[in-house]
$ cat protein28.cif   # mmCIF, C-alpha atoms
data_coords
loop_
_atom_site.label_atom_id
_atom_site.label_comp_id
_atom_site.auth_asym_id
_atom_site.auth_seq_id
_atom_site.Cartn_x
_atom_site.Cartn_y
_atom_site.Cartn_z
CA MET A 1 93.69 -0.50 -29.64
CA ARG A 2 95.09 -2.08 -26.49
CA ASP A 3 91.55 -2.40 -25.12
CA LEU A 4 90.60 -4.66 -28.05
CA GLY A 5 93.14 -7.23 -26.88
CA VAL A 6 92.11 -6.81 -23.24
CA GLY A 7 88.46 -7.39 -24.11
CA PHE A 8 89.32 -10.53 -26.06
CA SER A 9 91.48 -11.77 -23.18
CA TYR A 10 88.48 -11.53 -20.83
CA LEU A 11 86.51 -13.71 -23.24
CA LEU A 12 89.26 -16.35 -23.13
CA LYS A 13 89.69 -16.05 -19.35
CA GLY A 14 85.96 -16.60 -18.87
CA GLN A 15 86.11 -19.83 -20.87
CA ARG A 16 89.14 -20.98 -18.87
CA TRP A 17 87.35 -20.21 -15.61
CA VAL A 18 84.37 -22.45 -16.40
CA ALA A 19 86.76 -25.12 -17.70
CA ARG A 20 88.29 -25.21 -14.19
CA HIS A 21 84.85 -25.28 -12.55
CA GLY A 22 83.02 -28.10 -14.30
CA LYS A 23 79.97 -28.06 -12.02
CA GLN A 24 79.26 -24.39 -12.75
CA TYR A 25 79.74 -25.04 -16.46
CA GLY A 26 77.24 -27.91 -16.42
CA PHE A 27 74.55 -25.86 -14.70
CA GLY A 28 75.23 -22.94 -17.05
CA LEU A 29 74.50 -25.09 -20.11
CA LEU A 30 70.89 -25.84 -19.14
CA PRO A 31 69.25 -22.46 -19.95
CA GLY A 32 71.00 -22.29 -23.32
CA LEU A 33 69.91 -25.79 -24.27
CA ILE A 34 66.28 -25.06 -23.39
CA THR A 35 66.32 -21.77 -25.33
CA LEU A 36 67.97 -23.45 -28.32
CA VAL A 37 65.21 -26.08 -28.50
CA LEU A 38 62.50 -23.39 -28.36
CA TYR A 39 64.15 -21.19 -30.99
CA THR A 40 64.83 -24.13 -33.31
CA ALA A 41 61.16 -25.17 -33.11
CA ALA A 42 60.06 -21.59 -33.90
CA LEU A 43 62.40 -21.28 -36.91
CA VAL A 44 61.37 -24.69 -38.26
CA ALA A 45 57.71 -23.65 -37.95
CA LEU A 46 58.51 -20.40 -39.77
CA ALA A 47 60.26 -22.32 -42.56
CA LEU A 48 57.35 -24.75 -42.94
CA TRP A 49 54.45 -22.33 -42.72
CA GLY A 50 56.03 -19.00 -43.61
CA GLU A 51 54.80 -19.20 -47.19
CA ASP A 52 51.23 -19.84 -46.01
CA LEU A 53 51.49 -16.85 -43.69
CA VAL A 54 52.69 -14.62 -46.53
CA SER A 55 49.89 -15.86 -48.83
CA TRP A 56 47.29 -15.16 -46.13
CA SER A 57 48.65 -11.65 -45.49
CA THR A 58 48.81 -10.66 -49.19
CA PRO A 59 45.33 -11.38 -50.60
CA PHE A 60 45.77 -8.54 -53.10
CA ALA A 61 48.28 -10.71 -54.98
CA ASP A 62 45.87 -13.64 -55.48
CA ASP A 63 44.94 -12.52 -59.00
CA TRP A 64 48.49 -11.71 -60.12
CA SER A 65 49.73 -13.62 -63.13
CA SER A 66 52.67 -16.00 -63.11
CA PRO A 67 55.55 -15.60 -62.42
CA TRP A 68 55.04 -12.29 -60.56
CA GLN A 69 52.90 -13.74 -57.81
CA GLY A 70 55.43 -16.48 -57.03
CA LEU A 71 58.40 -14.11 -57.16
CA PHE A 72 56.70 -11.54 -54.94
CA ARG A 73 55.57 -14.00 -52.30
CA GLY A 74 58.81 -15.95 -52.49
CA PHE A 75 60.75 -12.75 -51.82
CA LEU A 76 58.51 -11.87 -48.85
CA THR A 77 58.88 -15.40 -47.46
CA ALA A 78 62.66 -15.14 -47.67
CA VAL A 79 62.61 -11.72 -45.98
CA LEU A 80 60.30 -13.03 -43.26
CA PHE A 81 62.64 -15.94 -42.49
CA ALA A 82 65.69 -13.65 -42.59
CA LEU A 83 64.04 -11.27 -40.11
CA GLY A 84 63.08 -14.22 -37.91
CA LEU A 85 66.66 -15.44 -37.96
CA LEU A 86 67.95 -11.94 -37.17
CA LEU A 87 65.49 -11.63 -34.30
CA ALA A 88 66.61 -15.02 -32.99
CA VAL A 89 70.27 -13.97 -33.04
CA LEU A 90 69.53 -10.63 -31.36
CA THR A 91 67.30 -12.05 -28.64
CA PHE A 92 68.91 -15.44 -27.96
CA THR A 93 71.27 -14.09 -25.30
CA ALA A 94 68.58 -11.99 -23.62
CA VAL A 95 66.10 -14.87 -23.45
CA THR A 96 68.77 -17.34 -22.28
CA LEU A 97 69.94 -14.98 -19.53
CA LEU A 98 66.36 -14.35 -18.44
CA MET A 99 65.54 -18.07 -18.27
CA GLY A 100 68.82 -18.85 -16.54
CA GLN A 101 68.89 -15.85 -14.20
CA PRO A 102 69.46 -17.86 -10.98
CA PHE A 103 72.14 -20.03 -12.66
CA TYR A 104 74.07 -17.12 -14.13
CA GLU A 105 73.73 -14.97 -11.02
CA ASN A 106 75.31 -17.76 -9.02
CA LEU A 107 78.05 -18.28 -11.60
CA SER A 108 78.85 -14.57 -11.80
CA GLU A 109 78.96 -14.27 -8.03
CA LYS A 110 81.39 -17.19 -7.78
CA VAL A 111 83.65 -15.55 -10.38
CA ASP A 112 83.59 -12.32 -8.36
CA ARG A 113 84.55 -14.19 -5.20
CA ASP A 114 87.29 -16.06 -7.01
CA VAL A 115 89.03 -13.00 -8.46
CA SER A 116 88.34 -10.56 -5.62
CA PRO A 117 91.39 -9.84 -3.42
CA ASP A 118 89.33 -10.38 -0.25
CA GLY A 119 87.24 -13.25 -1.62
CA THR A 120 83.95 -11.35 -1.43
CA ALA A 121 81.38 -10.46 -4.07
CA PRO A 122 78.69 -7.77 -4.37
CA GLU A 123 75.30 -9.23 -3.52
CA SER A 124 71.90 -8.08 -4.68
CA GLN A 125 69.52 -7.20 -1.87
CA LEU A 126 66.48 -7.59 -4.13
CA PRO A 127 64.13 -10.60 -4.10
CA LEU A 128 64.33 -12.98 -7.06
CA TRP A 129 61.02 -11.83 -8.60
CA ARG A 130 62.25 -8.23 -8.57
CA GLU A 131 65.55 -9.20 -10.22
CA LEU A 132 63.68 -11.13 -12.90
CA TRP A 133 61.38 -8.18 -13.56
CA ILE A 134 64.30 -5.73 -13.89
CA SER A 135 66.19 -8.15 -16.12
CA ALA A 136 63.16 -8.70 -18.39
CA ARG A 137 62.42 -4.97 -18.60
CA ASP A 138 66.01 -4.02 -19.39
CA SER A 139 66.40 -6.88 -21.88
CA LEU A 140 63.30 -5.69 -23.75
CA ARG A 141 64.74 -2.18 -23.94
CA ILE A 142 68.02 -3.53 -25.31
CA VAL A 143 66.24 -5.74 -27.83
CA VAL A 144 64.23 -2.74 -29.09
CA ARG A 145 67.46 -0.74 -29.51
CA ALA A 146 69.11 -3.68 -31.28
CA LEU A 147 66.11 -4.12 -33.59
CA VAL A 148 66.22 -0.44 -34.57
CA TRP A 149 69.88 -0.87 -35.49
CA GLY A 150 69.07 -4.16 -37.23
CA VAL A 151 66.35 -2.63 -39.42
CA LEU A 152 68.60 0.34 -40.25
CA LEU A 153 71.52 -1.88 -41.24
CA PHE A 154 69.18 -4.18 -43.18
CA ALA A 155 67.97 -1.20 -45.21
CA LEU A 156 71.54 0.06 -45.76
CA GLY A 157 72.45 -3.41 -47.00
CA PHE A 158 70.70 -2.65 -50.30
CA LEU A 159 73.19 0.14 -51.09
CA PRO A 160 75.66 -0.84 -53.81
CA VAL A 161 79.16 -1.84 -52.61
CA VAL A 162 78.77 -0.26 -49.15
CA GLY A 163 75.89 -2.59 -48.30
CA GLN A 164 78.02 -5.65 -49.05
CA THR A 165 81.25 -4.47 -47.36
CA VAL A 166 80.93 -1.78 -44.68
CA VAL A 167 77.43 -2.59 -43.42
CA PRO A 168 78.15 -6.24 -42.41
CA VAL A 169 81.20 -5.09 -40.45
CA LEU A 170 79.15 -2.41 -38.68
CA GLY A 171 76.53 -5.06 -37.96
CA PHE A 172 79.03 -7.27 -36.14
CA PHE A 173 80.27 -4.35 -34.02
CA VAL A 174 76.70 -3.36 -33.12
CA THR A 175 75.86 -6.96 -32.26
CA GLY A 176 79.03 -7.23 -30.16
CA PHE A 177 78.15 -4.11 -28.18
CA PHE A 178 74.61 -5.19 -27.30
CA LEU A 179 75.72 -8.77 -26.66
CA THR A 180 78.30 -7.53 -24.16
CA GLU A 181 75.71 -5.33 -22.46
CA GLU A 182 73.38 -8.27 -21.94
CA LEU A 183 76.15 -10.45 -20.52
CA ALA A 184 77.75 -7.78 -18.33
CA ALA A 185 74.30 -6.84 -16.99
CA VAL A 186 74.37 -10.00 -14.83
CA ALA A 187 77.27 -8.62 -12.79
CA LEU A 188 76.40 -4.92 -13.07
CA GLN A 189 72.75 -5.36 -12.08
CA ARG A 190 73.93 -7.17 -8.94
CA ARG A 191 75.92 -4.01 -8.18
CA GLY A 192 72.82 -1.85 -8.57
CA VAL A 193 73.92 -0.22 -11.85
CA GLU A 194 70.88 0.91 -13.84
CA LEU A 195 70.55 0.38 -17.60
CA ARG A 196 71.30 3.98 -18.55
CA ASP A 197 74.46 3.97 -16.42
CA ARG A 198 75.47 0.56 -17.82
CA LEU A 199 75.23 1.87 -21.38
CA ALA A 200 77.25 4.96 -20.48
CA LEU A 201 79.87 2.75 -18.83
CA LEU A 202 80.14 0.54 -21.91
CA ARG A 203 80.31 3.50 -24.29
CA SER A 204 83.22 4.92 -22.29
CA ARG A 205 85.31 1.84 -23.25
CA LYS A 206 83.86 0.86 -26.64
CA THR A 207 87.05 -0.79 -27.92
CA LEU A 208 87.15 -2.98 -24.79
CA VAL A 209 83.51 -3.93 -25.37
CA TRP A 210 84.10 -4.66 -29.06
CA GLY A 211 87.14 -6.78 -28.26
CA PHE A 212 84.95 -8.94 -26.04
CA GLY A 213 81.60 -8.95 -27.84
CA THR A 214 82.45 -8.88 -31.56
CA PRO A 215 84.36 -12.20 -31.72
CA LEU A 216 81.73 -13.71 -29.44
CA GLY A 217 78.97 -12.52 -31.79
CA LEU A 218 80.82 -14.09 -34.73
CA ALA A 219 81.13 -17.37 -32.81
CA PHE A 220 77.42 -17.28 -31.95
CA LEU A 221 76.58 -17.42 -35.68
CA VAL A 222 77.71 -21.06 -35.71
CA PRO A 223 74.82 -23.35 -34.67
CA PHE A 224 75.00 -24.68 -31.10
CA VAL A 225 78.18 -22.72 -30.30
CA ALA A 226 76.25 -20.10 -28.31
CA VAL A 227 74.98 -22.76 -25.93
CA PHE A 228 78.44 -24.05 -25.07
CA LEU A 229 80.12 -20.64 -24.86
CA MET A 230 77.41 -18.96 -22.79
CA PRO A 231 78.66 -19.98 -19.29
CA GLY A 232 82.19 -18.83 -20.10
CA ALA A 233 80.82 -15.66 -21.70
CA VAL A 234 79.02 -14.78 -18.45
CA ALA A 235 82.22 -15.45 -16.48
CA GLY A 236 84.27 -13.31 -18.86
CA ALA A 237 81.68 -10.51 -18.80
CA THR A 238 81.95 -10.49 -15.00
CA LEU A 239 85.69 -9.87 -15.32
CA LEU A 240 84.99 -7.15 -17.88
CA ALA A 241 82.45 -5.54 -15.53
CA ARG A 242 85.05 -5.45 -12.76
CA ASP A 243 87.46 -3.72 -15.14
CA LEU A 244 84.85 -1.15 -16.17
CA ARG A 245 84.14 -0.41 -12.51
CA GLY A 246 87.83 -0.16 -11.63
CA GLU A 247 87.71 -3.17 -9.31
CA GLU A 248 90.88 -5.18 -8.76
CA ILE A 249 91.15 -8.58 -10.43
CA THR A 250 93.41 -11.24 -8.93
CA ASP A 251 94.41 -14.62 -10.31
CA GLY A 252 91.85 -16.97 -8.83
CA ALA A 253 93.71 -20.07 -9.96
CA ALA A 254 96.90 -18.91 -8.27
CA ARG A 255 95.04 -18.18 -5.05
CA GLU A 256 93.40 -21.60 -5.16
CA SER A 257 96.84 -23.18 -5.54
CA GLU A 258 98.15 -21.20 -2.59
CA GLU A 259 95.19 -22.24 -0.45
CA ILE A 260 95.69 -25.89 -1.39
CA ALA A 261 99.40 -25.62 -0.61
CA ASP A 262 98.68 -23.94 2.74
CA GLY A 263 96.16 -26.65 3.58
CA ALA A 264 98.63 -29.40 2.71
CA ALA A 265 101.30 -27.70 4.82
CA ARG A 266 98.97 -27.47 7.82
CA GLU A 267 98.04 -31.13 7.44
CA SER A 268 101.70 -32.13 7.34
CA GLU A 269 102.41 -30.09 10.47
CA GLU A 270 99.61 -31.65 12.53
CA PRO A 271 101.34 -35.03 13.11
CA HIS A 272 104.49 -33.22 14.28
CA ARG A 273 102.45 -31.08 16.69
CA ALA A 274 100.71 -34.14 18.06
CA GLN A 275 104.05 -35.94 18.46
CA ASN A 276 105.57 -32.95 20.28
CA ALA A 277 102.50 -32.77 22.54
CA THR A 278 102.93 -36.41 23.65
CA ARG A 279 106.51 -35.68 24.61
#

$ encode --input "protein28.cif" --output "structure tokens"
Amino acid sequence: MRDLGVGFSYLLKGQRWVARHGKQYGFGLLPGLITLVLYTAALVALALWGEDLVSWSTPFADDWSSPWQGLFRGFLTAVLFALGLLLAVLTFTAVTLLMGQPFYENLSEKVDRDVSPDGTAPESQLPLWRELWISARDSLRIVVRALVWGVLLFALGFLPVVGQTVVPVLGFFVTGFFLTEELAAVALQRRGVELRDRLALLRSRKTLVWGFGTPLGLAFLVPFVAVFLMPGAVAGATLLARDLRGEEITDGAARESEEIADGAARESEEPHRAQNATR
């Protein structure tokens, strides 16, 4: 149970890190904003023309009498929009990370440098096109896994009592796991960790992953929140990745304060040195 709190603390620490680094936060917002506009346009189009699509795909119901035709097609339209919304939630992070790969790579690397005891960060030796290809391929694999779980949970949702109580809770934990994988992949891919090894690493500390990803998944259900939390989520996932890999994490803010204090001390000593030299 301790890992649940640790995972949640990384989520908060990630948000605090980007709050201290406003420039990185600003750049990190751009991919999310672009993805949000695209997804909103797609969902609006689905809401406007979903009924026409259902009518076109069910010609066998054209001769059905009222009210059965309307009920049947209305139900299918609602299911179609619900599946579209579910797909949007499951893929939003993957698409945003793919579109913002250079931004989030840079952000994650800066977090690594900030919290590393020696101020260094693992660097990918792959060209950008290769990183994008690996990210897209792995994201597609994760989305397929998430969709399988989504369809299964959707079907279980029709069970009496269990479908309205246990299944939604399981859904949030599943979403939290895959959401964490997508976010932590930014840091782990830079370390050369393949998808299969990443999944094994996350499964070895599931409560840590749930503590980070489940509350984030709940927050992402609120419109626009995902856009503003994404940069901090990437920063927090970098800290989580360091924990999973057993890498030391130092207080970057404290080290920055020490460096500033050391710099101020050196500046104050320079006039005295110059005065002593003239003597």

$ resolve_selection --input "protein28.cif" --expression "the PyMOL selection byres ((chain A and resi 43) around 12)" --output "NGL selection string"
:A and (36-42 or 44-50 or 80-89)

$ residues_around --input "protein28.cif" --residues "A:Val144" --least-positions-apart "4" --cutoff "12 Å" --atoms "all atoms listed in the file" --output "mmCIF file with C-alpha atoms, in the frame of the given file"
data_model
loop_
_atom_site.group_PDB
_atom_site.id
_atom_site.type_symbol
_atom_site.label_atom_id
_atom_site.label_comp_id
_atom_site.auth_asym_id
_atom_site.auth_seq_id
_atom_site.Cartn_x
_atom_site.Cartn_y
_atom_site.Cartn_z
ATOM 1 C CA LEU A 87 65.490 -11.630 -34.300
ATOM 2 C CA LEU A 90 69.530 -10.630 -31.360
ATOM 3 C CA THR A 91 67.300 -12.050 -28.640
ATOM 4 C CA ALA A 94 68.580 -11.990 -23.620
ATOM 5 C CA ARG A 137 62.420 -4.970 -18.600
ATOM 6 C CA ASP A 138 66.010 -4.020 -19.390
ATOM 7 C CA SER A 139 66.400 -6.880 -21.880
ATOM 8 C CA LEU A 140 63.300 -5.690 -23.750
ATOM 9 C CA VAL A 148 66.220 -0.440 -34.570
ATOM 10 C CA TRP A 149 69.880 -0.870 -35.490
ATOM 11 C CA GLY A 150 69.070 -4.160 -37.230
ATOM 12 C CA VAL A 151 66.350 -2.630 -39.420
ATOM 13 C CA PHE A 178 74.610 -5.190 -27.300
#

$ residues_around --input "protein28.cif" --residues "A:Pro122" --least-positions-apart "4" --cutoff "9 Å" --atoms "only C-alpha atoms" --output "mmCIF file with C-alpha atoms, keeping the file's coordinate frame"
data_model
loop_
_atom_site.group_PDB
_atom_site.id
_atom_site.type_symbol
_atom_site.label_atom_id
_atom_site.label_comp_id
_atom_site.auth_asym_id
_atom_site.auth_seq_id
_atom_site.Cartn_x
_atom_site.Cartn_y
_atom_site.Cartn_z
ATOM 1 C CA GLU A 109 78.960 -14.270 -8.030
ATOM 2 C CA ASP A 112 83.590 -12.320 -8.360
ATOM 3 C CA ARG A 113 84.550 -14.190 -5.200
ATOM 4 C CA ALA A 187 77.270 -8.620 -12.790
ATOM 5 C CA ARG A 190 73.930 -7.170 -8.940
ATOM 6 C CA ARG A 191 75.920 -4.010 -8.180
#

$ closest_residue --input "protein28.cif" --among "A:Leu128, A:Ala61, A:Val169, A:Leu29" --to "A:Leu218" --atoms "all atoms listed in the file"
A:Val169

$ residues_around --input "protein28.cif" --residues "stretch 239-245 of chain A" --least-positions-apart "2" --cutoff "8 Å" --atoms "only C-alpha atoms" --output "PyMOL selection string"
chain A and resi 7+10+14+111-112+184+187-188+201-202+205+235-237+247-249

$ closest_residue --input "protein28.cif" --among "A:Arg196, A:Trp68, A:Phe177, A:His21" --to "A:Leu208" --atoms "only C-alpha atoms"
A:Phe177

$ closest_residue --input "protein28.cif" --among "A:Phe72, A:Tyr104, A:Phe172, A:Phe92" --to "A:Pro231" --atoms "all atoms listed in the file"
A:Tyr104

$ resolve_selection --input "protein28.cif" --expression "the PyMOL selection byres ((chain A and resi 33) around 12)" --output "PyMOL selection string"
chain A and resi 26-32+34-40+92-93+95-97+99-100+223-231

$ closest_residue --input "protein28.cif" --among "A:Val54, A:Gly5, A:Thr77, A:Val186" --to "A:Thr214" --atoms "only C-alpha atoms"
A:Gly5

$ atom_distance --input "protein28.cif" --atom1 "atom CA of A:Gln24" --atom2 "atom CA of A:Glu194"
26.7 Å

$ atom_distance --input "protein28.cif" --atom1 "atom CA of A:Pro127" --atom2 "atom CA of A:Gly213"
29.5 Å

$ atom_distance --input "protein28.cif" --atom1 "atom CA of A:Ala19" --atom2 "atom CA of A:Glu123"
24.2 Å

$ closest_residue --input "protein28.cif" --among "A:Leu195, A:Ala78, A:Val143, A:Leu179" --to "A:Phe212" --atoms "all atoms listed in the file"
A:Leu179

$ closest_residue --input "protein28.cif" --among "A:Gly211, A:Pro160, A:Gly74, A:Pro102" --to "A:Leu12" --atoms "all atoms listed in the file"
A:Gly211

$ residues_around --input "protein28.cif" --residues "A:Leu156" --least-positions-apart "5" --cutoff "10 Å" --atoms "only C-alpha atoms" --output "list in words"
Gly150, Val151, Val162, Gly163, Gln164, Val166, Val167 and Pro168 of chain A

$ axis_aligned_box --input "protein28.cif" --around "stretch 225-232 of chain A" --padding-each-side "6 Å" --output "AutoDock Vina command-line options"
--center_x 78.6 --center_y -21.4 --center_z -24.8 --size_x 19.2 --size_y 17.2 --size_z 23.0

$ residues_around --input "protein28.cif" --residues "A:Thr250" --least-positions-apart "2" --cutoff "8 Å" --atoms "only C-alpha atoms" --output "short mmCIF file (atom, residue, chain, number, x, y, z; two decimals) with C-alpha atoms, in the coordinates of the input"
data_model
loop_
_atom_site.label_atom_id
_atom_site.label_comp_id
_atom_site.auth_asym_id
_atom_site.auth_seq_id
_atom_site.Cartn_x
_atom_site.Cartn_y
_atom_site.Cartn_z
CA VAL A 115 89.03 -13.00 -8.46
CA SER A 116 88.34 -10.56 -5.62
CA PRO A 117 91.39 -9.84 -3.42
CA GLU A 248 90.88 -5.18 -8.76
CA GLY A 252 91.85 -16.97 -8.83
#

$ build_atoms --input "protein28.cif" --residues "stretch 223-233 of chain A" --atoms "all heavy atoms" --output "PDB file, in the coordinates of the input"
ATOM      1  N   PRO A 223      75.858 -22.654 -35.448  1.00  0.00           N
ATOM      2  CA  PRO A 223      74.820 -23.350 -34.670  1.00  0.00           C
ATOM      3  C   PRO A 223      75.398 -24.083 -33.465  1.00  0.00           C
ATOM      4  O   PRO A 223      76.457 -24.697 -33.554  1.00  0.00           O
ATOM      5  CB  PRO A 223      74.236 -24.339 -35.704  1.00  0.00           C
ATOM      6  CG  PRO A 223      74.517 -23.713 -37.027  1.00  0.00           C
ATOM      7  CD  PRO A 223      75.816 -22.997 -36.882  1.00  0.00           C
ATOM      8  N   PHE A 224      74.700 -23.995 -32.363  1.00  0.00           N
ATOM      9  CA  PHE A 224      75.000 -24.680 -31.100  1.00  0.00           C
ATOM     10  C   PHE A 224      76.175 -24.070 -30.323  1.00  0.00           C
ATOM     11  O   PHE A 224      76.328 -24.352 -29.137  1.00  0.00           O
ATOM     12  CB  PHE A 224      75.286 -26.184 -31.319  1.00  0.00           C
ATOM     13  CG  PHE A 224      74.217 -26.903 -32.074  1.00  0.00           C
ATOM     14  CD1 PHE A 224      74.472 -27.402 -33.340  1.00  0.00           C
ATOM     15  CD2 PHE A 224      72.952 -27.057 -31.545  1.00  0.00           C
ATOM     16  CE1 PHE A 224      73.484 -28.065 -34.057  1.00  0.00           C
ATOM     17  CE2 PHE A 224      71.953 -27.723 -32.253  1.00  0.00           C
ATOM     18  CZ  PHE A 224      72.217 -28.218 -33.505  1.00  0.00           C
ATOM     19  N   VAL A 225      77.016 -23.267 -30.989  1.00  0.00           N
ATOM     20  CA  VAL A 225      78.180 -22.720 -30.300  1.00  0.00           C
ATOM     21  C   VAL A 225      77.767 -21.819 -29.144  1.00  0.00           C
ATOM     22  O   VAL A 225      78.389 -21.826 -28.072  1.00  0.00           O
ATOM     23  CB  VAL A 225      79.088 -21.952 -31.290  1.00  0.00           C
ATOM     24  CG1 VAL A 225      80.130 -21.120 -30.553  1.00  0.00           C
ATOM     25  CG2 VAL A 225      79.784 -22.933 -32.223  1.00  0.00           C
ATOM     26  N   ALA A 226      76.699 -21.026 -29.355  1.00  0.00           N
ATOM     27  CA  ALA A 226      76.250 -20.100 -28.310  1.00  0.00           C
ATOM     28  C   ALA A 226      75.937 -20.827 -27.017  1.00  0.00           C
ATOM     29  O   ALA A 226      76.232 -20.329 -25.920  1.00  0.00           O
ATOM     30  CB  ALA A 226      75.017 -19.330 -28.789  1.00  0.00           C
ATOM     31  N   VAL A 227      75.352 -22.004 -27.124  1.00  0.00           N
ATOM     32  CA  VAL A 227      74.980 -22.760 -25.930  1.00  0.00           C
ATOM     33  C   VAL A 227      76.211 -23.107 -25.105  1.00  0.00           C
ATOM     34  O   VAL A 227      76.240 -22.939 -23.881  1.00  0.00           O
ATOM     35  CB  VAL A 227      74.237 -24.057 -26.323  1.00  0.00           C
ATOM     36  CG1 VAL A 227      73.952 -24.915 -25.090  1.00  0.00           C
ATOM     37  CG2 VAL A 227      72.941 -23.720 -27.030  1.00  0.00           C
ATOM     38  N   PHE A 228      77.265 -23.568 -25.772  1.00  0.00           N
ATOM     39  CA  PHE A 228      78.440 -24.050 -25.070  1.00  0.00           C
ATOM     40  C   PHE A 228      79.372 -22.921 -24.612  1.00  0.00           C
ATOM     41  O   PHE A 228      80.156 -23.101 -23.676  1.00  0.00           O
ATOM     42  CB  PHE A 228      79.206 -25.039 -25.959  1.00  0.00           C
ATOM     43  CG  PHE A 228      78.410 -26.268 -26.291  1.00  0.00           C
ATOM     44  CD1 PHE A 228      77.817 -26.413 -27.529  1.00  0.00           C
ATOM     45  CD2 PHE A 228      78.215 -27.259 -25.342  1.00  0.00           C
ATOM     46  CE1 PHE A 228      77.059 -27.531 -27.835  1.00  0.00           C
ATOM     47  CE2 PHE A 228      77.457 -28.385 -25.636  1.00  0.00           C
ATOM     48  CZ  PHE A 228      76.883 -28.525 -26.887  1.00  0.00           C
ATOM     49  N   LEU A 229      79.280 -21.769 -25.269  1.00  0.00           N
ATOM     50  CA  LEU A 229      80.120 -20.640 -24.860  1.00  0.00           C
ATOM     51  C   LEU A 229      79.448 -19.737 -23.835  1.00  0.00           C
ATOM     52  O   LEU A 229      80.122 -18.914 -23.210  1.00  0.00           O
ATOM     53  CB  LEU A 229      80.493 -19.797 -26.091  1.00  0.00           C
ATOM     54  CG  LEU A 229      81.429 -20.419 -27.122  1.00  0.00           C
ATOM     55  CD1 LEU A 229      81.780 -19.392 -28.190  1.00  0.00           C
ATOM     56  CD2 LEU A 229      82.698 -20.944 -26.481  1.00  0.00           C
ATOM     57  N   MET A 230      78.141 -19.877 -23.648  1.00  0.00           N
ATOM     58  CA  MET A 230      77.410 -18.960 -22.790  1.00  0.00           C
ATOM     59  C   MET A 230      77.932 -18.922 -21.344  1.00  0.00           C
ATOM     60  O   MET A 230      78.140 -17.833 -20.785  1.00  0.00           O
ATOM     61  CB  MET A 230      75.917 -19.283 -22.808  1.00  0.00           C
ATOM     62  CG  MET A 230      75.059 -18.291 -22.035  1.00  0.00           C
ATOM     63  SD  MET A 230      75.050 -16.647 -22.783  1.00  0.00           S
ATOM     64  CE  MET A 230      73.915 -16.914 -24.129  1.00  0.00           C
ATOM     65  N   PRO A 231      78.155 -20.063 -20.670  1.00  0.00           N
ATOM     66  CA  PRO A 231      78.660 -19.980 -19.290  1.00  0.00           C
ATOM     67  C   PRO A 231      79.985 -19.226 -19.197  1.00  0.00           C
ATOM     68  O   PRO A 231      80.166 -18.373 -18.319  1.00  0.00           O
ATOM     69  CB  PRO A 231      78.817 -21.447 -18.881  1.00  0.00           C
ATOM     70  CG  PRO A 231      77.862 -22.189 -19.766  1.00  0.00           C
ATOM     71  CD  PRO A 231      77.889 -21.461 -21.065  1.00  0.00           C
ATOM     72  N   GLY A 232      80.910 -19.529 -20.103  1.00  0.00           N
ATOM     73  CA  GLY A 232      82.190 -18.830 -20.100  1.00  0.00           C
ATOM     74  C   GLY A 232      82.045 -17.366 -20.462  1.00  0.00           C
ATOM     75  O   GLY A 232      82.805 -16.514 -19.979  1.00  0.00           O
ATOM     76  N   ALA A 233      81.067 -17.051 -21.325  1.00  0.00           N
ATOM     77  CA  ALA A 233      80.820 -15.660 -21.700  1.00  0.00           C
ATOM     78  C   ALA A 233      80.339 -14.851 -20.490  1.00  0.00           C
ATOM     79  O   ALA A 233      80.734 -13.696 -20.299  1.00  0.00           O
ATOM     80  CB  ALA A 233      79.808 -15.584 -22.828  1.00  0.00           C
TER      81      ALA A 233
END
